[in-house]
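Student: Input structure: entry_30.txt, which contains compact mmCIF, C-alpha atoms.
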```txt
# COMPACT_ATOMS: atom_id res chain seq x y z
CA MET A 1 109.31 239.95 51.75
CA LYS A 2 106.55 237.77 53.15
CA LYS A 3 109.12 235.43 54.71
CA ILE A 4 110.91 238.37 56.30
CA MET A 5 107.67 239.67 57.81
CA LEU A 6 106.85 236.22 59.16
CA LEU A 7 110.32 235.99 60.69
CA ILE A 8 109.99 239.42 62.32
CA THR A 9 106.55 238.47 63.68
CA ALA A 10 107.90 235.22 65.09
CA LEU A 11 110.80 237.06 66.74
CA LEU A 12 108.45 239.62 68.28
CA ILE A 13 106.20 236.90 69.67
CA PHE A 14 109.22 235.08 71.09
CA MET A 15 110.58 238.25 72.70
CA LEU A 16 107.23 239.25 74.16
CA SER A 17 106.48 235.78 75.49
CA GLY A 18 109.98 235.66 76.96
CA CYS A 19 109.30 238.89 78.78
CA THR A 20 106.02 237.61 80.23
CA ALA A 21 107.72 235.75 83.07
CA THR A 22 110.11 238.63 83.70
CA LEU A 23 107.18 241.05 83.94
CA ASN A 24 105.17 238.69 86.14
CA PRO A 25 103.45 241.09 88.61
CA LEU A 26 103.38 238.41 91.31
CA ILE A 27 107.06 239.01 92.08
CA ASP A 28 106.10 242.35 93.65
CA GLU A 29 103.47 240.82 95.93
CA ASP A 30 104.08 240.40 99.66
CA GLU A 31 102.44 236.98 99.75
CA LEU A 32 100.73 234.50 97.46
CA ILE A 33 97.92 232.14 98.43
CA PHE A 34 96.28 229.95 95.79
CA ILE A 35 93.72 227.18 96.36
CA ASN A 36 91.76 224.84 94.11
CA GLU A 37 87.97 224.71 93.90
CA ASP A 38 87.33 222.16 96.67
CA GLY A 39 90.11 223.43 98.96
CA SER A 40 92.10 220.20 98.81
CA ILE A 41 95.15 221.95 97.28
CA ARG A 42 96.64 225.06 98.85
CA LEU A 43 99.82 226.94 97.88
CA GLU A 44 101.34 229.46 100.31
CA ILE A 45 104.35 231.62 99.42
CA PRO A 46 105.38 234.69 101.46
CA PHE A 47 107.00 236.04 98.31
CA THR A 48 108.88 239.20 99.27
CA ILE A 49 110.39 237.55 102.35
CA SER A 50 111.10 234.02 101.15
CA GLY A 51 111.92 234.78 97.53
CA GLY A 52 109.58 232.10 96.20
CA ILE A 53 109.95 229.43 98.90
CA GLY A 54 106.77 228.23 100.59
CA ARG A 55 104.58 225.19 101.04
CA LEU A 56 102.08 223.19 99.03
CA PHE A 57 99.34 221.44 101.01
CA VAL A 58 97.54 218.41 99.57
CA LEU A 59 94.47 217.03 101.34
CA HIS A 60 93.74 213.40 100.47
CA GLY A 61 91.49 211.04 102.44
CA ASN A 62 91.19 213.51 105.36
CA ILE A 63 94.99 213.55 105.69
CA GLU A 64 96.84 216.77 104.84
CA THR A 65 100.40 216.48 103.55
CA SER A 66 102.65 219.50 103.14
CA PHE A 67 105.54 219.84 100.71
CA MET A 68 108.26 222.46 100.66
CA VAL A 69 108.19 224.25 97.30
CA ASN A 70 110.10 226.88 95.38
CA TYR A 71 108.36 228.96 92.72
CA PHE A 72 110.84 229.94 89.99
CA TYR A 73 108.94 232.69 88.21
CA PRO A 74 111.38 233.35 85.32
CA GLN A 75 110.93 229.74 84.12
CA GLU A 76 107.37 229.50 85.49
CA ARG A 77 107.92 226.24 87.30
CA LEU A 78 107.15 224.94 90.76
CA VAL A 79 109.81 222.78 92.39
CA VAL A 80 108.28 220.39 94.92
CA TYR A 81 110.77 218.90 97.37
CA VAL A 82 109.83 215.30 98.10
CA GLU A 83 113.10 214.76 99.94
CA GLN A 84 115.51 216.97 101.85
CA PRO A 85 116.93 219.70 99.55
CA GLY A 86 120.29 218.77 98.13
CA THR A 87 119.75 215.03 98.24
CA GLU A 88 119.50 212.87 95.12
CA ASN A 89 116.09 212.81 93.43
CA ALA A 90 114.72 215.37 95.89
CA GLU A 91 112.89 217.54 93.37
CA TYR A 92 109.64 217.03 91.52
CA ILE A 93 109.18 219.85 89.02
CA LEU A 94 105.81 221.07 87.76
CA LYS A 95 104.93 223.62 85.12
CA VAL A 96 103.11 226.84 86.08
CA SER A 97 100.95 228.85 83.69
CA PHE A 98 98.19 231.42 83.96
CA GLU A 99 94.83 232.05 82.34
CA GLN A 100 95.09 233.76 78.96
CA ILE A 101 92.60 236.65 78.69
CA GLY A 102 94.12 238.50 75.76
CA TYR A 103 96.73 238.07 73.07
CA PHE A 104 99.49 239.29 75.37
CA LYS A 105 97.52 239.51 78.62
CA LEU A 106 97.32 236.97 81.44
CA ASN A 107 95.07 236.67 84.48
CA TYR A 108 97.52 236.06 87.32
CA ASP A 109 94.69 235.21 89.71
CA LYS A 110 94.15 231.89 87.91
CA MET A 111 97.12 229.52 88.07
CA PHE A 112 97.46 226.17 86.32
CA VAL A 113 99.93 223.70 87.86
CA SER A 114 100.49 220.57 85.82
CA ASP A 115 102.67 218.52 83.50
CA VAL A 116 105.68 217.03 85.19
CA LEU A 117 108.81 218.52 83.67
CA GLU A 118 111.26 216.52 85.71
CA ALA A 119 111.11 213.88 88.42
CA ALA A 120 113.10 211.18 90.12
CA ASN A 121 113.24 207.97 88.10
CA ASP A 122 111.66 205.97 90.90
CA PHE A 123 109.13 208.65 91.89
CA ASP A 124 105.85 207.06 92.98
CA ASN A 125 104.16 209.62 95.25
CA GLU A 126 100.44 209.24 94.57
CA LEU A 127 99.73 212.80 95.73
CA LEU A 128 101.83 214.41 92.99
CA SER A 129 101.88 211.89 90.16
CA GLU A 130 99.91 213.20 87.17
CA PHE A 131 99.32 216.45 89.08
CA ASP A 132 96.93 218.71 87.17
CA GLU A 133 95.23 221.44 89.16
CA THR A 134 93.64 224.84 88.61
CA LEU A 135 94.30 227.21 91.50
CA THR A 136 92.64 230.53 92.22
CA ARG A 137 94.28 233.29 94.22
CA VAL A 138 92.65 234.31 97.49
CA TYR A 139 93.16 237.67 99.17
CA ASP A 140 91.20 237.34 102.43
CA GLU A 141 93.33 234.66 104.12
CA ASP A 142 96.73 234.74 105.81
CA ILE A 143 99.82 232.60 105.37
CA LYS A 144 100.61 230.39 108.35
CA PRO A 145 103.53 231.98 110.23
CA LEU A 146 105.73 228.87 110.14
CA ASN A 147 105.53 228.87 106.34
CA TYR A 148 107.66 232.02 106.23
CA LEU A 149 111.41 231.74 105.57
CA TYR A 150 114.26 234.18 106.20
CA ASN A 151 112.75 235.69 109.31
CA THR A 152 113.23 235.71 113.08
CA TRP A 153 111.21 235.34 116.25
CA ARG A 154 112.38 236.51 119.65
CA SER A 155 111.35 236.88 123.28
CA GLU A 156 113.63 239.26 125.16
CA GLU A 157 111.95 238.36 128.44
CA CYS A 158 112.72 234.64 128.17
CA GLY A 159 115.97 234.91 126.22
CA ILE A 160 114.69 233.02 123.18
CA TYR A 161 115.89 233.90 119.66
CA LEU A 162 114.87 231.89 116.59
CA ASN A 163 116.31 232.34 113.11
CA ASN A 164 114.38 230.70 110.26
CA ASP A 165 116.99 230.87 107.50
CA ASP A 166 117.95 227.27 106.78
CA LEU A 167 116.32 225.30 103.93
CA ASN A 168 116.88 221.93 105.57
CA ASP A 169 115.38 223.11 108.86
CA TYR A 170 112.46 224.58 106.95
CA TYR A 171 111.89 221.25 105.20
CA TYR A 172 111.72 219.44 108.56
CA HIS A 173 109.53 222.11 110.24
CA ARG A 174 112.39 223.17 112.51
CA VAL A 175 113.93 226.51 113.49
CA HIS A 176 117.39 226.97 115.01
CA GLY A 177 118.32 229.69 117.47
CA GLU A 178 119.41 230.46 121.02
CA PHE A 179 117.99 230.09 124.50
CA ASN A 180 119.88 232.07 127.14
CA ARG A 181 122.75 232.31 124.63
CA GLU A 182 122.96 228.53 124.19
CA SER A 183 122.36 226.97 120.76
CA ILE A 184 118.99 225.26 120.38
CA MET A 185 116.77 223.64 117.79
CA MET A 186 113.00 223.98 118.01
CA SER A 187 110.60 221.72 116.11
CA PHE A 188 106.90 222.35 115.51
CA ASP A 189 104.56 219.49 114.68
CA ASP A 190 100.88 218.64 115.27
CA GLY A 191 100.33 221.66 117.51
CA GLU A 192 103.24 220.88 119.85
CA PHE A 193 106.78 222.29 120.07
CA ILE A 194 109.99 220.75 121.36
CA MET A 195 113.07 222.81 122.21
CA LYS A 196 116.33 220.82 122.27
CA SER A 197 119.89 221.73 123.16
CA SER A 198 122.92 221.16 120.93
CA ILE A 199 123.38 217.74 122.59
CA ASP A 200 119.78 216.79 121.76
CA THR A 201 118.48 217.20 125.31
CA VAL A 202 114.88 218.42 125.64
CA ILE A 203 114.89 221.80 127.36
CA LEU A 204 111.24 222.79 126.96
CA SER A 205 108.12 221.43 125.31
CA GLY A 206 104.44 222.22 125.14
CA THR A 207 101.79 223.47 122.74
CA TYR A 208 101.78 226.58 120.59
CA ASP A 209 99.43 228.99 118.86
CA PHE A 210 99.71 232.15 116.78
CA ASP A 211 98.96 235.81 117.35
CA GLY A 212 99.20 237.19 113.84
CA LEU A 213 102.74 236.30 112.74
CA ASN A 214 103.90 235.94 116.34
CA ILE A 215 104.22 232.50 117.95
CA VAL A 216 102.85 231.94 121.45
CA LEU A 217 104.38 229.03 123.38
CA TYR A 218 102.48 227.27 126.16
CA PRO A 219 104.99 225.14 128.13
CA PHE A 220 103.68 221.98 129.76
CA SER A 221 103.02 222.28 133.51
CA ILE A 222 106.03 220.08 134.37
CA TYR A 223 108.28 223.02 133.50
CA GLU A 224 108.19 225.39 136.44
CA GLY A 225 109.26 229.01 136.35
CA TYR A 226 107.93 229.77 132.88
CA PRO A 227 104.97 232.03 132.12
CA ASN A 228 101.82 230.34 130.84
CA GLY A 229 102.28 232.03 127.45
CA ILE A 230 105.60 233.04 125.90
CA SER A 231 105.21 235.43 122.98
CA LEU A 232 107.85 235.19 120.26
CA ILE A 233 107.74 238.36 118.18
CA PHE A 234 108.06 238.00 114.39
CA GLY A 235 110.65 240.02 112.49
CA GLU A 236 112.14 239.95 108.99
CA SER A 237 115.74 238.82 108.88
CA VAL A 238 118.29 241.48 107.94
CA ASP A 239 120.07 238.80 105.88
CA ALA A 240 117.01 237.97 103.74
```
Kindly transcribe the structure held in the file into structure tokens.

Tutor:
Amino acid sequence: MKKIMLLITALLIFMLSGCTATLNPLIDEDELIFINEDGSIRLEIPFTISGGIGRLFVLHGNIETSFMVNYFYPQERLVVYVEQPGTENAEYILKVSFEQIGYFKLNYDKMFVSDVLEAANDFDNELLSEFDETLTRVYDEDIKPLNYLYNTWRSEECGIYLNNDDLNDYYYHRVHGEFNRESIMMSFDDGEFIMKSSIDTVILSGTYDFDGLNIVLYPFSIYEGYPNGISLIFGESVDA
């Protein structure tokens, strides 16, 4: 009888622990932002739009490096892409857990990211090796607009349409779209943008800023006929 009770108890614990990830309340959140105590690690995931895809920022020696990540909540793991998605040895997988505050209760505002579950055989990235961080959720900050995925930006006035729905483009900080009904690719890096045609010719370049989730382009003065500020209005993709 005692063995049967122990078996039933073990099964109940297994079933309840298995349901913990499924019942993770974070999956219903619009966005997730977690940072560590000194602000050197920052995780941004616009959850309801991107479905778990976002970016991990690591500040080391005054240099900030960003990694594309995917948070798989059923398995509670964080996939960090150190190479372009789909390529060999692209993924570095970390375990995610949360602070235990009761026998079956977790504090989802305190995230632990650690213990490499899987990595490329020749992985030697000093920023992620032996990664072991405690992250706390913050509610009074916003996700950077370019860290969203499965969304659009458009300017009817200037005929610009951007569609941020490609994982490889997202990895390289690019967005594809159209300019006056011609296919383009736009890259964003170090505060500057470059718009190129399908034959890799530069059409427009300049600096950019944000107005909420909208992108504001400021073309360089060498490009005549463009307004000083071009507002690209953010919208969720219907295909998300």

Student: Quick one: everything within 9 Å of Tyr171 in chain A, counting only C-alpha atoms, minus sequence neighbours fewer than 2 positions away in the same chain. Send it as a compact mmCIF listing (two decimals) with C-alpha atoms, in the coordinates of the input.

Tutor:
```
# COMPACT_ATOMS: atom_id res chain seq x y z
CA PHE A 67 105.54 219.84 100.71
CA MET A 68 108.26 222.46 100.66
CA TYR A 81 110.77 218.90 97.37
CA GLU A 83 113.10 214.76 99.94
CA GLN A 84 115.51 216.97 101.85
CA PRO A 85 116.93 219.70 99.55
CA ASP A 166 117.95 227.27 106.78
CA LEU A 167 116.32 225.30 103.93
CA ASN A 168 116.88 221.93 105.57
CA ASP A 169 115.38 223.11 108.86
CA HIS A 173 109.53 222.11 110.24
CA ARG A 174 112.39 223.17 112.51
```

Student: Show me, as a list in words, the residues that have an atom within 7 Å of Ile53 in chain A when counting all atoms listed in the file, minus same-chain residues fewer than 5 positions from it.

Tutor: Ile45, Val69, Asn70 and Tyr71 of chain A

Student: Do a neighbour search on Gly52 in chain A at 10 Å with all atoms listed in the file, toss out local chain neighbours closer than 3 positions, and write the hits as an MDAnalysis selection string.

Tutor: chainID A and resid 27 31:32 44:49 55 69:73 78 149

Student: With all atoms listed in the file as the basis for distance, which of A:Glu64, A:Glu156, A:Asn228, A:Phe112 is at the shortest distance from Gln100 in chain A?

Tutor: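 Closest to Gln100 in chain A of all the choices is A:Phe112.
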
Student: My list of candidates is A:Pro74, A:Gly61, A:Gly177, A:Pro145. Which is closest to Ile215 in chain A when distances are computed with all atoms listed in the file?

Tutor: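 The answer is A:Pro145, which sits nearest to Ile215 in chain A.
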
Student: What separation in Å, quoted to one decimal, exists between CA of Ser197 in chain A and CA of Leu162 in chain A?

Tutor: 13.1 Å

Student: Please, what distance in Å, to one decimal, runs between CA of Phe234 in chain A and CA of Phe193 in chain A?

Tutor: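 Interatomic distance here is 16.8 Å.
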
Student: Restricting the calculation to all atoms listed in the file, which member of A:Glu76, A:Asp211, A:Asp132, A:Asp190 is positioned closest to Asn36 in chain A?

Tutor: A:Asp132

Student: So what do you get for CA of Ile41 in chain A versus CA of Val58 in chain A, distance-wise?

Tutor: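 One can read the CA of Ile41 in chain A to CA of Val58 in chain A distance as 4.8 Å.
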
Student: Considering all atoms listed in the file, state which residue in the set A:Asn180, A:Asn147, A:Asn24, A:Gln75 is at the smallest distance from Asn164 in chain A.

Tutor: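 Smallest separation from Asn164 in chain A among the options: A:Asn147.
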
Student: Identify which of the residues A:Ser237, A:Ser50, A:Ser66, A:Ser231 lies closest to Cys158 in chain A, counting all atoms listed in the file when measuring atom-to-atom distances.

Tutor: A:Ser231

Student: Quick one: 5 Å padding each side, axis-aligned, all listed atoms of range 228-237 of chain A - centre and edge lengths in Å to one decimal, as JSON?

Tutor:
```
{"center_x": 108.8, "center_y": 235.2, "center_z": 119.9, "size_x": 23.9, "size_y": 19.7, "size_z": 32.0}
```

Student: Using only C-alpha atoms, determine which residues lie at most 12 Å from Phe210 in chain A, disregarding the query and same-chain residues fewer than 2 positions distant; provide the list as a PyMOL selection string.

Tutor: chain A and resi 142-146+153+191+207-208+212-218+229-234

Student: Please determine, counting only C-alpha atoms, which residue among A:Gly86, A:Gly39, A:Gly225, A:Gly54 has the shortest atom-to-atom distance to Glu133 in chain A.

Tutor: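 Checking each of A:Gly86, A:Gly39, A:Gly225, A:Gly54 against Glu133 in chain A, counting only C-alpha atoms, the winner is A:Gly39.
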
Student: So that I can check the surroundings of Glu178 in chain A, please list as a list in words every protein, DNA and RNA residue that reaches within 12 Å of it, counting all atoms listed in the file and ignoring chain neighbours fewer than 4 positions away.

Tutor: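 Selected residues are Thr152, Trp153, Arg154, Ser155, Glu156, Cys158, Gly159, Ile160, Tyr161, Leu162, Asn163, Asn164, Glu182, Ser183, Ile184, Met185, Met186, Met195, Lys196, Ser197, Ser198 and Ile203 of chain A.
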